[in-house]
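Notes for the one structure printed next.
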Amino acid sequence: MRFDRICFDFDSTLSRIEGIDELAARLGQGDAIAKLTDAAMNGEVPLEAVYGQRLDLIKPDRAAIDWLAERYLSEIVDGVTELFARLRADCREVYIVSGGIRQSILPMAAFLNVPESHVNAVDVFFNEDGTYIDFDRDSVLARAGGKAEICKRLKQNGLSLAMVGDGNTDLEAKQAGACFIGFGGVVDRPKVREHADYYVDDASLLGVLDYIS
């Protein structure tokens with residue numbers, strides 16, 4: 001089916017890494033934070049139960065966010081560049097819908113020619129010296145059901161929408177009537193595989209073309 005708009009998760013979908021886990025590992029807290037991330041992505045706990053807890057433990061400064069942006073680009077998933085080029089050539093509207101940190105996602109979005117206005121993620125705030133203050137606690141993407149809310153907005157006026165992602169928070173897009181394509185090329189989550197409308201377990205993201213073109 002041809003979709004008017006196609007949304008992509010970011011962590012473990014466009015990049016092989018989970019950003020907050022990487023920031024934690026940089027501080028020697030990787031294992032503890034990764035367990036919290038997995039619990040949310042597997043649907044064992046709501047996202048809001050761990051989102052603030054993880055950032056409060058890490059307190060990433062501006063330098064850490066810039067470092068993460070470089071890590072994201074160095075770990076881009078196979079096929080992403082070609083896939084986005086094809087979608088752009090086909091005049092498709094592409095969006096990033098992520099619970100990740102927006103400032104770290106924007107450089108890859110620019111690399112993929114995704115406009116900033118099409119990047120939906122969570123902002124963090126800094127002091128003048130670059131130290132961490134807080135994250136946007138009003139962001140719907142920092143809690144369960146947030147991606148469904150974003151997808152609902154993007155489906156207005158009868159537009160058809162597909163969501164591609166690896167986690168339980170991406171699966172929630174089905175609540176907004178979006179077609180959900182699970183991507184298991186980085187992390188294979190049984191719940192996502194079971195409930196996705198379609199599922200791609202190739203290492204390359206190009207496999208989603210079978211379902212969106």
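We name chains A, B, ... following the order of the structure tokens; residues begin at 1 in each chain, and ligands are numbered from 1 as shown.
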Closest atom pairs, residues of segment 55-100 of chain A within 12 Å of segment 120-138 of chain A, only C-alpha atoms, as a Markdown table:
```
| residue | atom | partner | partner_atom | distance |
| --- | --- | --- | --- | --- |
| A:Leu55 | CA | A:Phe135 | CA | 7.9 |
| A:Asp56 | CA | A:Asp134 | CA | 8.0 |
| A:Leu57 | CA | A:Tyr132 | CA | 11.2 |
| A:Ile58 | CA | A:Tyr132 | CA | 9.3 |
| A:Lys59 | CA | A:Tyr132 | CA | 5.6 |
| A:Pro60 | CA | A:Tyr132 | CA | 5.8 |
| A:Asp61 | CA | A:Thr131 | CA | 4.6 |
| A:Arg62 | CA | A:Gly130 | CA | 5.0 |
| A:Ala63 | CA | A:Gly130 | CA | 7.4 |
| A:Ala64 | CA | A:Gly130 | CA | 9.7 |
| A:Ile65 | CA | A:Val124 | CA | 9.3 |
| A:Asp66 | CA | A:Gly130 | CA | 11.0 |
| A:Val94 | CA | A:Asn120 | CA | 11.3 |
| A:Tyr95 | CA | A:Asn120 | CA | 7.6 |
| A:Ile96 | CA | A:Asn120 | CA | 5.8 |
| A:Val97 | CA | A:Asn120 | CA | 4.8 |
| A:Ser98 | CA | A:Ala121 | CA | 4.9 |
| A:Gly99 | CA | A:Ala121 | CA | 5.4 |
| A:Gly100 | CA | A:Ala121 | CA | 5.7 |
```
Deliver the residues from the most recent selection as a file, using C-alpha atoms, as a short mmCIF file (atom, residue, chain, number, x, y, z; two decimals), in the first residue's frame.
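For reference, again.cif as written:
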```cif
data_model
loop_
_atom_site.label_atom_id
_atom_site.label_comp_id
_atom_site.auth_asym_id
_atom_site.auth_seq_id
_atom_site.Cartn_x
_atom_site.Cartn_y
_atom_site.Cartn_z
CA LEU A 55 17.82 11.41 32.61
CA ASP A 56 17.96 12.40 36.27
CA LEU A 57 20.65 9.76 36.74
CA ILE A 58 22.65 10.73 33.66
CA LYS A 59 22.20 14.53 33.56
CA PRO A 60 23.69 14.82 30.04
CA ASP A 61 25.41 18.13 29.34
CA ARG A 62 25.61 19.79 25.92
CA ALA A 63 28.95 18.09 25.15
CA ALA A 64 27.41 14.69 25.84
CA ILE A 65 24.49 15.45 23.53
CA ASP A 66 26.88 16.47 20.74
CA VAL A 94 8.81 11.44 6.00
CA TYR A 95 8.77 12.08 9.75
CA ILE A 96 10.88 11.02 12.70
CA VAL A 97 8.81 10.25 15.81
CA SER A 98 11.05 9.39 18.75
CA GLY A 99 11.26 9.49 22.50
CA GLY A 100 14.95 10.30 22.07
#
```
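For Glu82 of chain A, the residues within 12 Å (counting only C-alpha atoms, excluding itself and residues fewer than 5 positions away along the chain) are Leu14, Ile76, Val77, Leu87, Arg88, Ala89, Phe111, Leu112, Asn113, Ser204, Leu205, Leu206, Gly207, Val208 and Leu209 of chain A.
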How would the residues just chosen look if you wrote them out with N, CA, C and O atoms as a compact mmCIF listing (two decimals), in the first residue's frame?
```txt
# COMPACT_ATOMS: atom_id res chain seq x y z
N LEU A 14 16.60 3.75 12.98
CA LEU A 14 17.45 4.47 12.04
C LEU A 14 18.92 4.40 12.45
O LEU A 14 19.82 4.43 11.61
N ILE A 76 24.53 4.39 11.85
CA ILE A 76 23.33 4.41 11.02
C ILE A 76 23.03 3.01 10.50
O ILE A 76 23.93 2.26 10.11
N VAL A 77 21.78 2.63 10.53
CA VAL A 77 21.35 1.29 10.11
C VAL A 77 21.53 1.14 8.59
O VAL A 77 21.33 2.09 7.83
N LEU A 87 12.43 7.59 -0.93
CA LEU A 87 11.17 8.20 -0.50
C LEU A 87 11.11 9.67 -0.87
O LEU A 87 10.06 10.18 -1.29
N ARG A 88 12.22 10.36 -0.75
CA ARG A 88 12.27 11.77 -1.13
C ARG A 88 12.04 11.93 -2.63
O ARG A 88 11.28 12.81 -3.06
N ALA A 89 12.67 11.06 -3.44
CA ALA A 89 12.50 11.12 -4.89
C ALA A 89 11.06 10.82 -5.30
O ALA A 89 10.57 11.32 -6.33
N PHE A 111 21.25 15.16 7.73
CA PHE A 111 21.99 14.29 6.80
C PHE A 111 21.04 13.56 5.86
O PHE A 111 21.35 13.35 4.67
N LEU A 112 19.86 13.19 6.37
CA LEU A 112 18.87 12.46 5.58
C LEU A 112 17.89 13.39 4.88
O LEU A 112 16.93 12.92 4.25
N ASN A 113 18.11 14.70 5.00
CA ASN A 113 17.24 15.72 4.38
C ASN A 113 15.81 15.68 4.91
O ASN A 113 14.85 15.91 4.17
N SER A 204 18.90 -4.69 6.97
CA SER A 204 18.72 -3.45 6.22
C SER A 204 17.29 -2.93 6.35
O SER A 204 16.33 -3.71 6.25
N LEU A 205 17.15 -1.62 6.53
CA LEU A 205 15.83 -1.02 6.62
C LEU A 205 15.12 -0.97 5.26
O LEU A 205 13.92 -0.72 5.19
N LEU A 206 15.84 -1.25 4.20
CA LEU A 206 15.23 -1.26 2.87
C LEU A 206 14.09 -2.26 2.76
O LEU A 206 13.22 -2.14 1.89
N GLY A 207 14.07 -3.24 3.67
CA GLY A 207 13.00 -4.24 3.64
C GLY A 207 11.62 -3.66 3.83
O GLY A 207 10.62 -4.28 3.43
N VAL A 208 11.52 -2.46 4.41
CA VAL A 208 10.18 -1.88 4.62
C VAL A 208 9.55 -1.41 3.31
O VAL A 208 8.34 -1.21 3.24
N LEU A 209 10.38 -1.26 2.27
CA LEU A 209 9.83 -0.83 0.98
C LEU A 209 8.76 -1.77 0.46
O LEU A 209 7.85 -1.35 -0.26
```
Discussion item. What's the separation between atom CA of Val114 of chain A and atom CA of Met1 of chain A, in Å to one decimal place?
Written reply: 22.2 Å
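Taking only C-alpha atoms, the non-local environment of segment 193-201 of chain A within 8 Å (same-chain residues fewer than 2 positions away omitted) comprises Leu171, Cys179, Phe180, Ile181, Gly182, Phe183, Gly184, Gly185, Asp188, Arg189, Pro190, Lys191, Ala203, Leu205, Gly207, Val208 and Tyr211 of chain A.
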Practice prompt. Determine which residues of segment 116-167 of chain A receive a DSSP assignment of strand (DSSP E or B), computed from the backbone, and state them as a ChimeraX atom specification.
Written response: /A:119-122,124-126,132-135,161-165
Item to complete: Run DSSP on the backbone and give me the residues of segment 21-183 of chain A it puts in alpha helix (DSSP H), as a ChimeraX atom specification.
Response: /A:21-26,30-41,51-58,62-74,80-89,102-111,146-154,168-171
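Reported to one decimal place, the separation of atom CA of Met163 of chain A from atom CA of Arg86 of chain A is 17.0 Å.
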Practice prompt. With a distance cut-off of 8 Å and only C-alpha atoms, select the neighbouring residues of segment 33-36 of chain A, excluding the residue or stretch itself and same-chain residues fewer than 2 positions from it, and output the selection as a PyMOL selection string.
Written response: chain A and resi 20-21+24+29-31+38-40+50+54
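Of the residues listed (A:Val80, A:Leu23, A:Ala49, A:Ile105), A:Ile105 shows the shortest atom-to-atom separation from His118 of chain A; distances use only C-alpha atoms.
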Worksheet item: For Val187 of chain A, which residue among A:Arg16, A:Ala148, A:Arg5, A:Ser104 is the nearest when counting only C-alpha atoms?
Response: A:Arg16
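Across A:Ile212, A:Ile17, A:Leu47, A:Met41, the tightest approach to Val140 of chain A is made by A:Leu47 when counting only C-alpha atoms.
Closest approach to Ala69 of chain A from the set A:Cys7, A:Ile150, A:Ala109, A:Leu27 is made by A:Ala109, with distances taken over only C-alpha atoms.
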Worksheet item: What is the distance, in Å and to one decimal place, between atom CA of Leu161 of chain A and atom CA of Ala176 of chain A?
Response: 9.4 Å
